[in-house]
>>> print(open('input_28.csv').read())   # CSV, C-alpha atoms and all ligand atoms
chain,number,residue,atom,x,y,z
A,1,MET,CA,18.2,-6.7,-14.0
A,2,ASN,CA,17.6,-10.4,-13.8
A,3,SER,CA,14.3,-11.1,-11.9
A,4,GLU,CA,16.3,-13.2,-9.4
A,5,ASP,CA,18.7,-10.4,-8.7
A,6,LEU,CA,15.7,-8.4,-7.4
A,7,ILE,CA,15.4,-10.6,-4.4
A,8,LYS,CA,19.0,-11.7,-3.8
A,9,SER,CA,21.0,-9.6,-1.3
A,10,THR,CA,23.2,-10.2,1.6
A,11,ASP,CA,21.9,-7.0,3.2
A,12,PRO,CA,19.5,-7.9,6.0
A,13,ASN,CA,17.8,-4.5,5.4
A,14,HIS,CA,17.0,-5.3,1.7
A,15,PRO,CA,13.2,-5.4,1.4
A,16,ALA,CA,13.2,-9.1,0.3
A,17,ASN,CA,15.1,-10.1,3.4
A,18,LEU,CA,13.4,-7.7,5.8
A,19,ILE,CA,9.8,-8.8,4.9
A,20,CYS,CA,10.8,-12.3,5.7
A,21,SER,CA,12.6,-11.5,9.0
A,22,LEU,CA,9.9,-9.1,10.2
A,23,CYS,CA,7.0,-11.5,9.4
A,24,HIS,CA,9.0,-14.1,11.4
A,25,GLN,CA,9.2,-11.7,14.4
A,26,PHE,CA,5.6,-10.6,14.0
A,27,TYR,CA,4.4,-14.3,14.1
A,28,TYR,CA,5.6,-14.4,17.8
A,29,ASN,CA,3.5,-11.3,18.6
A,30,ASN,CA,0.4,-13.0,17.2
A,31,TRP,CA,0.3,-10.3,14.5
A,32,CYS,CA,0.5,-12.6,11.5
A,33,THR,CA,-0.4,-16.2,12.4
A,34,GLY,CA,-2.5,-18.7,10.4
A,35,THR,CA,-1.4,-16.9,7.1
A,36,GLY,CA,-3.1,-13.7,8.2
A,37,GLY,CA,-1.4,-10.3,8.1
A,38,GLY,CA,1.6,-9.3,6.1
A,39,ILE,CA,4.1,-6.6,5.1
A,40,SER,CA,4.9,-4.7,1.8
A,41,ILE,CA,8.0,-2.6,1.5
A,42,LYS,CA,9.1,-0.1,-1.2
A,43,HIS,CA,12.8,-0.5,-2.1
A,44,PRO,CA,14.3,2.9,-1.0
A,45,ILE,CA,16.5,3.2,-4.1
A,46,SER,CA,14.8,1.5,-7.0
A,47,ASN,CA,11.3,2.2,-5.6
A,48,ASN,CA,10.2,-1.3,-6.6
A,49,LEU,CA,7.4,-2.7,-4.5
A,50,TYR,CA,7.9,-5.9,-2.6
A,51,ILE,CA,4.8,-7.9,-1.9
A,52,ALA,CA,4.2,-11.3,-0.1
A,53,PRO,CA,2.4,-14.2,-1.7
A,54,SER,CA,-1.2,-14.9,-0.6
A,55,GLY,CA,-2.3,-17.7,1.8
A,56,VAL,CA,1.2,-18.8,2.9
A,57,GLN,CA,2.6,-19.1,6.4
A,58,LYS,CA,4.1,-15.6,6.6
A,59,GLU,CA,6.7,-16.5,9.2
A,60,LYS,CA,8.2,-19.2,6.8
A,61,MET,CA,8.4,-17.0,3.7
A,62,LYS,CA,11.7,-16.8,1.8
A,63,PRO,CA,12.9,-14.0,-0.5
A,64,GLU,CA,12.2,-16.2,-3.6
A,65,ASP,CA,8.5,-16.4,-2.6
A,66,LEU,CA,8.1,-12.6,-3.0
A,67,PHE,CA,6.4,-10.6,-5.8
A,68,VAL,CA,8.2,-7.5,-7.1
A,69,MET,CA,6.2,-4.7,-8.8
A,70,ASP,CA,7.6,-1.8,-10.8
A,71,PRO,CA,7.4,1.6,-9.0
A,72,THR,CA,4.5,2.7,-11.2
A,73,ALA,CA,2.5,-0.3,-9.8
A,74,THR,CA,1.6,-1.3,-13.3
A,75,LYS,CA,3.5,-4.5,-13.9
A,76,TYR,CA,5.1,-7.3,-11.9
A,77,LEU,CA,8.9,-7.6,-12.4
A,78,ARG,CA,8.9,-10.9,-10.6
A,79,GLN,CA,5.9,-13.3,-10.2
A,80,PRO,CA,6.6,-16.7,-8.5
A,81,GLN,CA,4.5,-19.2,-10.5
A,82,LEU,CA,3.4,-21.1,-7.4
A,83,TYR,CA,1.5,-18.2,-5.9
A,84,LYS,CA,-0.9,-15.3,-6.2
A,85,PRO,CA,0.1,-11.9,-4.7
A,86,SER,CA,-1.3,-11.0,-1.3
A,87,ALA,CA,-5.1,-10.3,-1.3
A,88,CYS,CA,-4.1,-7.0,0.4
A,89,THR,CA,-2.2,-5.8,-2.7
A,90,PRO,CA,-4.8,-3.2,-3.8
A,91,LEU,CA,-4.8,-1.8,-0.3
A,92,PHE,CA,-1.0,-1.7,-0.2
A,93,LEU,CA,-0.9,0.0,-3.6
A,94,SER,CA,-3.4,2.7,-2.4
A,95,CYS,CA,-1.2,3.4,0.6
A,96,TYR,CA,1.8,3.8,-1.6
A,97,LYS,CA,0.0,6.1,-3.9
A,98,ASN,CA,-2.2,8.2,-1.6
A,99,LYS,CA,-0.1,8.2,1.6
A,100,LYS,CA,3.4,8.3,0.0
A,101,SER,CA,4.2,5.2,2.1
A,102,GLY,CA,7.5,3.5,2.1
A,103,ALA,CA,6.0,0.4,3.8
A,104,ILE,CA,2.7,-1.0,5.0
A,105,ILE,CA,2.2,-3.5,7.8
A,106,HIS,CA,-1.1,-5.4,8.1
A,107,THR,CA,-1.6,-7.4,11.4
A,108,HIS,CA,-4.4,-9.5,12.8
A,109,SER,CA,-3.6,-8.2,16.3
A,110,GLN,CA,-6.2,-9.2,18.8
A,111,HIS,CA,-5.8,-5.8,20.5
A,112,ALA,CA,-7.0,-4.2,17.2
A,113,VAL,CA,-9.9,-6.6,17.0
A,114,MET,CA,-10.9,-5.9,20.6
A,115,CYS,CA,-10.7,-2.2,20.1
A,116,SER,CA,-12.9,-2.5,17.0
A,117,LEU,CA,-15.5,-4.2,19.3
A,118,ILE,CA,-15.3,-1.5,22.0
A,119,PHE,CA,-15.1,1.7,19.9
A,120,LYS,CA,-17.7,2.7,17.3
A,121,ASN,CA,-16.1,4.8,14.6
A,122,GLU,CA,-12.7,5.7,15.9
A,123,PHE,CA,-10.2,4.4,18.5
A,124,ARG,CA,-9.2,7.1,21.0
A,125,ILE,CA,-6.6,7.2,23.7
A,126,ALA,CA,-5.2,10.2,25.5
A,127,ASN,CA,-2.4,11.2,27.9
A,128,VAL,CA,-0.2,8.2,27.7
A,129,GLU,CA,3.6,8.6,27.1
A,130,GLN,CA,3.7,6.1,24.2
A,131,ILE,CA,1.4,8.4,22.1
A,132,LYS,CA,4.5,10.5,21.5
A,133,ALA,CA,5.8,7.8,19.0
A,134,ILE,CA,2.9,8.8,16.6
A,135,PRO,CA,3.0,11.8,14.3
A,136,SER,CA,0.4,14.6,14.7
A,137,ASP,CA,-1.2,16.8,12.0
A,138,LYS,CA,1.4,19.5,12.7
A,139,VAL,CA,4.6,19.9,10.6
A,140,CYS,CA,7.9,21.4,11.7
A,141,PRO,CA,8.3,24.7,9.7
A,142,GLU,CA,12.1,24.3,9.5
A,143,THR,CA,12.3,20.6,8.4
A,144,GLY,CA,8.8,20.1,6.9
A,145,LYS,CA,8.7,16.8,8.9
A,146,PRO,CA,5.6,15.9,11.0
A,147,ILE,CA,5.7,16.8,14.7
A,148,ALA,CA,4.9,13.9,17.1
A,149,LEU,CA,1.8,13.9,19.2
A,150,SER,CA,2.3,15.3,22.7
A,151,TYR,CA,1.6,13.4,26.0
A,152,PHE,CA,-1.4,15.7,26.4
A,153,ASP,CA,-2.9,14.9,22.9
A,154,THR,CA,-5.5,12.3,21.9
A,155,LEU,CA,-4.6,9.7,19.3
A,156,LYS,CA,-7.5,8.9,17.0
A,157,ILE,CA,-7.5,6.0,14.5
A,158,PRO,CA,-10.5,5.5,12.2
A,159,ILE,CA,-12.3,2.1,12.2
A,160,ILE,CA,-13.9,0.8,9.0
A,161,GLU,CA,-16.2,-2.2,8.6
A,162,ASN,CA,-14.8,-5.6,7.4
A,163,MET,CA,-15.9,-7.1,4.1
A,164,ALA,CA,-15.8,-10.6,2.6
A,165,HIS,CA,-12.8,-9.8,0.4
A,166,GLU,CA,-9.8,-7.5,1.0
A,167,ASP,CA,-10.3,-5.5,-2.2
A,168,GLN,CA,-13.7,-4.5,-1.0
A,169,LEU,CA,-12.1,-2.5,1.8
A,170,LEU,CA,-10.5,-0.1,-0.7
A,171,ASP,CA,-13.4,2.5,-0.9
A,172,ASP,CA,-13.7,2.8,2.9
A,173,LEU,CA,-9.9,2.9,3.3
A,174,GLU,CA,-9.6,5.7,0.8
A,175,LYS,CA,-12.5,7.6,2.5
A,176,THR,CA,-10.5,7.6,5.7
A,177,PHE,CA,-7.6,9.2,3.8
A,178,GLN,CA,-10.0,12.2,3.2
A,179,GLU,CA,-11.5,12.2,6.7
A,180,TYR,CA,-8.3,11.6,8.7
A,181,PRO,CA,-5.6,13.0,6.4
A,182,HIS,CA,-2.8,12.6,9.0
A,183,THR,CA,-3.6,9.1,10.3
A,184,VAL,CA,-0.9,6.5,9.9
A,185,ALA,CA,-3.3,3.6,10.5
A,186,VAL,CA,-6.8,2.3,9.9
A,187,ILE,CA,-8.5,-0.4,12.1
A,188,VAL,CA,-10.7,-2.9,10.2
A,189,ARG,CA,-13.5,-4.2,12.5
A,190,ARG,CA,-13.2,-7.8,13.6
A,191,HIS,CA,-10.2,-8.2,11.3
A,192,GLY,CA,-7.0,-6.2,12.3
A,193,ILE,CA,-5.1,-3.1,11.4
A,194,PHE,CA,-3.2,-1.5,8.5
A,195,ILE,CA,-0.3,0.8,9.4
A,196,TRP,CA,2.0,2.7,7.1
A,197,GLY,CA,5.0,5.0,7.3
A,198,PRO,CA,7.5,6.8,5.1
A,199,THR,CA,10.0,4.0,5.8
A,200,ILE,CA,9.7,0.4,7.1
A,201,ASP,CA,11.5,1.6,10.3
A,202,LYS,CA,8.8,4.2,10.9
A,203,ALA,CA,5.9,1.8,10.1
A,204,LYS,CA,7.4,-0.7,12.5
A,205,ILE,CA,7.6,1.9,15.3
A,206,TYR,CA,4.0,3.1,14.7
A,207,ASN,CA,2.8,-0.5,14.7
A,208,GLU,CA,4.5,-1.4,18.0
A,209,ALA,CA,3.4,1.9,19.6
A,210,ILE,CA,-0.2,1.6,18.4
A,211,ASP,CA,-0.4,-2.1,19.4
A,212,TYR,CA,0.8,-1.2,22.9
A,213,LEU,CA,-1.8,1.6,23.1
A,214,MET,CA,-4.6,-0.6,21.9
A,215,GLU,CA,-3.7,-3.3,24.4
A,216,LEU,CA,-3.6,-0.7,27.2
A,217,ALA,CA,-7.0,0.8,26.0
A,218,VAL,CA,-8.6,-2.7,26.3
A,219,LYS,CA,-7.2,-3.1,29.9
A,220,MET,CA,-8.4,0.5,30.9
A,221,TYR,CA,-11.8,-0.3,29.4
A,222,LYS,CA,-12.1,-3.5,31.4
A,223,LEU,CA,-11.5,-1.5,34.6
A,224,GLY,CA,-14.2,1.0,33.5
A,225,ILE,CA,-11.7,3.8,32.7
A,226,PRO,CA,-12.3,5.5,29.4
A,227,PRO,CA,-9.0,5.4,27.5
A,228,ASP,CA,-9.4,9.0,26.4
A,229,CYS,CA,-10.2,10.4,29.9
A,230,ASN,CA,-8.3,13.4,31.3
A,231,ILE,CA,-5.3,13.0,33.6
A,232,GLY,CA,-6.6,12.2,37.1
A,233,GLU,CA,-10.1,11.5,35.9
A,234,GLU,CA,-9.5,7.8,36.1
A,235,LYS,CA,-9.9,7.9,39.9
A,236,LYS,CA,-13.6,8.6,39.6
A,237,TYR,CA,-14.1,5.4,37.5
A,238,LEU,CA,-12.3,3.1,39.9
A,239,ASN,CA,-14.2,1.6,42.9
A,240,LEU,CA,-11.0,1.6,45.0
A,241,SER,CA,-8.7,4.6,45.2
A,242,LEU,CA,-5.3,3.6,46.5
A,301,LIG,C1,-6.5,-15.8,7.5
A,301,LIG,S1,-7.0,-15.3,6.0
A,301,LIG,C2,-6.5,-13.6,6.0
A,301,LIG,C3,-6.7,-12.9,4.7
A,301,LIG,O1,-8.0,-13.0,4.3
A,301,LIG,C4,-6.2,-11.5,4.8
A,301,LIG,O2,-7.0,-10.7,5.6
A,301,LIG,C5,-4.8,-11.4,5.2
A,301,LIG,O3,-4.5,-10.8,6.2
A,301,LIG,C6,-3.7,-12.0,4.4
A,301,LIG,O4,-4.0,-12.2,3.1
A,301,LIG,P1,-2.9,-12.8,2.1
A,301,LIG,O5,-3.6,-12.9,0.8
A,301,LIG,O6,-2.5,-14.2,2.7
A,301,LIG,O7,-1.8,-11.9,2.2
A,302,ZN,ZN,-6.0,-9.6,7.0
>>> encode(input="input_28.csv", output="structure tokens")
Amino acid sequence: MNSEDLIKSTDPNHPANLICSLCHQFYYNNWCTGTGGGISIKHPISNNLYIAPSGVQKEKMKPEDLFVMDPTATKYLRQPQLYKPSACTPLFLSCYKNKKSGAIIHTHSQHAVMCSLIFKNEFRIANVEQIKAIPSDKVCPETGKPIALSYFDTLKIPIIENMAHEDQLLDDLEKTFQEYPHTVAVIVRRHGIFIWGPTIDKAKIYNEAIDYLMELAVKMYKLGIPPDCNIGEEKKYLNLSL
């Protein structure tokens, strides 16, 4: 296949089009402004890996700006001469390999950064309806698919320390894969968050749900309510019970 054919499609769900349209949307959520953040998607049929260029305004990217790697992640099938691939590429490749991801989203969400300042080693929030959008460590015996967390569960997301360069995050990221085998996200302190899923649709849902939960946790913390407190326990942390 001609290298240009890898990024030319009229299908809005083709990875080359979807990376561009989602980054455009994410810009308006403050998730990928000032060149920060990004998305990588595996083509569901060819399994080729689509990767954004580094240091560009992600909301203005076009399909022709994208790098395409073969499914074994050993060689680029398409390399725009103007650019280098995203500095997050080693982290994306590790998620593809170790988490069987179909897509990875990296944001510089301020909610993730705030939670990394509030929580020490892991972000925790419990008993909130939106938790049900995130998979648990349990698998349905009939389908083999992960069962979602329940309203009564606690969502835990590991936090790793930021480093000067993205590739230096690799060891700590992979350590969390051992310590939190079922997590779909890792927060990087004072930096942002990496979120993955078996498909881009799932990764997008997890990103939106986790961002909502991190924003809520910061608001609860500001009122003195521990985000992982039991149902009803919040009353004892509030000065005024209405
Ligand atoms: C604002 S610089 C951000 C980068 O250092 C990095 O963390 C990032 O999120 C994007 O890196 P990039 O190489 O542009 O894909
Ligand atoms: Zn980043």
>>> closest_atom_pairs(input="input_28.csv", of="chain A", to="ligand LIG 301 (chain A)", cutoff="12 Å", atoms="all atoms listed in the file", output="CSV")
residue,atom,partner,partner_atom,distance
A:Cys23,CA,A:LIG301,O7,11.4
A:Trp31,CA,A:LIG301,O3,9.6
A:Cys32,CA,A:LIG301,O3,7.5
A:Thr33,CA,A:LIG301,C1,7.8
A:Gly34,CA,A:LIG301,C1,5.7
A:Thr35,CA,A:LIG301,C1,5.2
A:Gly36,CA,A:LIG301,O3,3.8
A:Gly37,CA,A:LIG301,O3,3.7
A:Gly38,CA,A:LIG301,O7,5.8
A:Ile39,CA,A:LIG301,O7,8.4
A:Ser40,CA,A:LIG301,O7,9.8
A:Ile51,CA,A:LIG301,O7,8.7
A:Ala52,CA,A:LIG301,O7,6.5
A:Pro53,CA,A:LIG301,O7,6.2
A:Ser54,CA,A:LIG301,O5,3.4
A:Gly55,CA,A:LIG301,O6,3.6
A:Val56,CA,A:LIG301,O6,5.9
A:Gln57,CA,A:LIG301,O6,8.0
A:Lys58,CA,A:LIG301,O6,7.8
A:Glu59,CA,A:LIG301,O6,11.5
A:Met61,CA,A:LIG301,O6,11.3
A:Leu66,CA,A:LIG301,O7,11.2
A:Phe67,CA,A:LIG301,O7,11.5
A:Tyr83,CA,A:LIG301,O5,9.9
A:Lys84,CA,A:LIG301,O5,7.9
A:Pro85,CA,A:LIG301,O5,6.7
A:Ser86,CA,A:LIG301,O5,3.6
A:Ala87,CA,A:LIG301,O5,3.7
A:Cys88,CA,A:LIG301,O7,5.7
A:Thr89,CA,A:LIG301,O7,7.8
A:Pro90,CA,A:LIG301,O5,10.8
A:Leu91,CA,A:LIG301,O7,10.8
A:Phe92,CA,A:LIG301,O7,10.5
A:Ile105,CA,A:LIG301,O3,10.0
A:His106,CA,A:LIG301,O3,6.7
A:Thr107,CA,A:LIG301,O3,6.9
A:His108,CA,A:LIG301,O3,6.7
A:Ser109,CA,A:LIG301,O3,10.5
A:Asn162,CA,A:LIG301,O2,9.5
A:Met163,CA,A:LIG301,O2,9.7
A:Ala164,CA,A:LIG301,O1,8.3
A:His165,CA,A:LIG301,O1,7.0
A:Glu166,CA,A:LIG301,O2,6.3
A:Asp167,CA,A:LIG301,O2,9.9
A:Gln168,CA,A:LIG301,O2,11.3
A:Leu169,CA,A:LIG301,O2,10.4
A:Val188,CA,A:LIG301,O2,9.8
A:Arg189,CA,A:LIG301,O2,11.5
A:Arg190,CA,A:LIG301,O2,10.5
A:His191,CA,A:LIG301,O2,7.0
A:Gly192,CA,A:LIG301,O3,8.0
A:Ile193,CA,A:LIG301,O3,9.3
A:Phe194,CA,A:LIG301,O3,9.7
>>> atom_distance(input="input_28.csv", atom1="atom CA of A:Ser101", atom2="atom CA of A:Pro198")
4.7 Å
>>> residues_around(input="input_28.csv", residues="stretch 121-136 of chain A", least_positions_apart="2", cutoff="9 Å", atoms="all atoms listed in the file", output="NGL selection string")
:A and (115-116 or 118-119 or 138-139 or 146-160 or 182-184 or 187 or 205-206 or 209-210 or 212-214 or 217 or 226-231)
>>> atom_distance(input="input_28.csv", atom1="atom CA of A:Lys42", atom2="atom CA of A:Ala103")
5.9 Å
>>> atom_distance(input="input_28.csv", atom1="atom CA of A:Val218", atom2="atom CA of A:Phe26")
20.4 Å
>>> closest_residue(input="input_28.csv", among="A:Thr72, A:Gln110, A:Asn13, A:Thr143", to="ligand ZN 302 (chain A)", atoms="all atoms listed in the file")
A:Gln110
>>> closest_residue(input="input_28.csv", among="A:Asn30, A:Arg78, A:Met1, A:Lys175", to="A:Ala16", atoms="all atoms listed in the file")
A:Arg78
>>> closest_residue(input="input_28.csv", among="A:Pro12, A:Gly102, A:Pro71, A:Pro181", to="A:Asp201", atoms="only C-alpha atoms")
A:Gly102
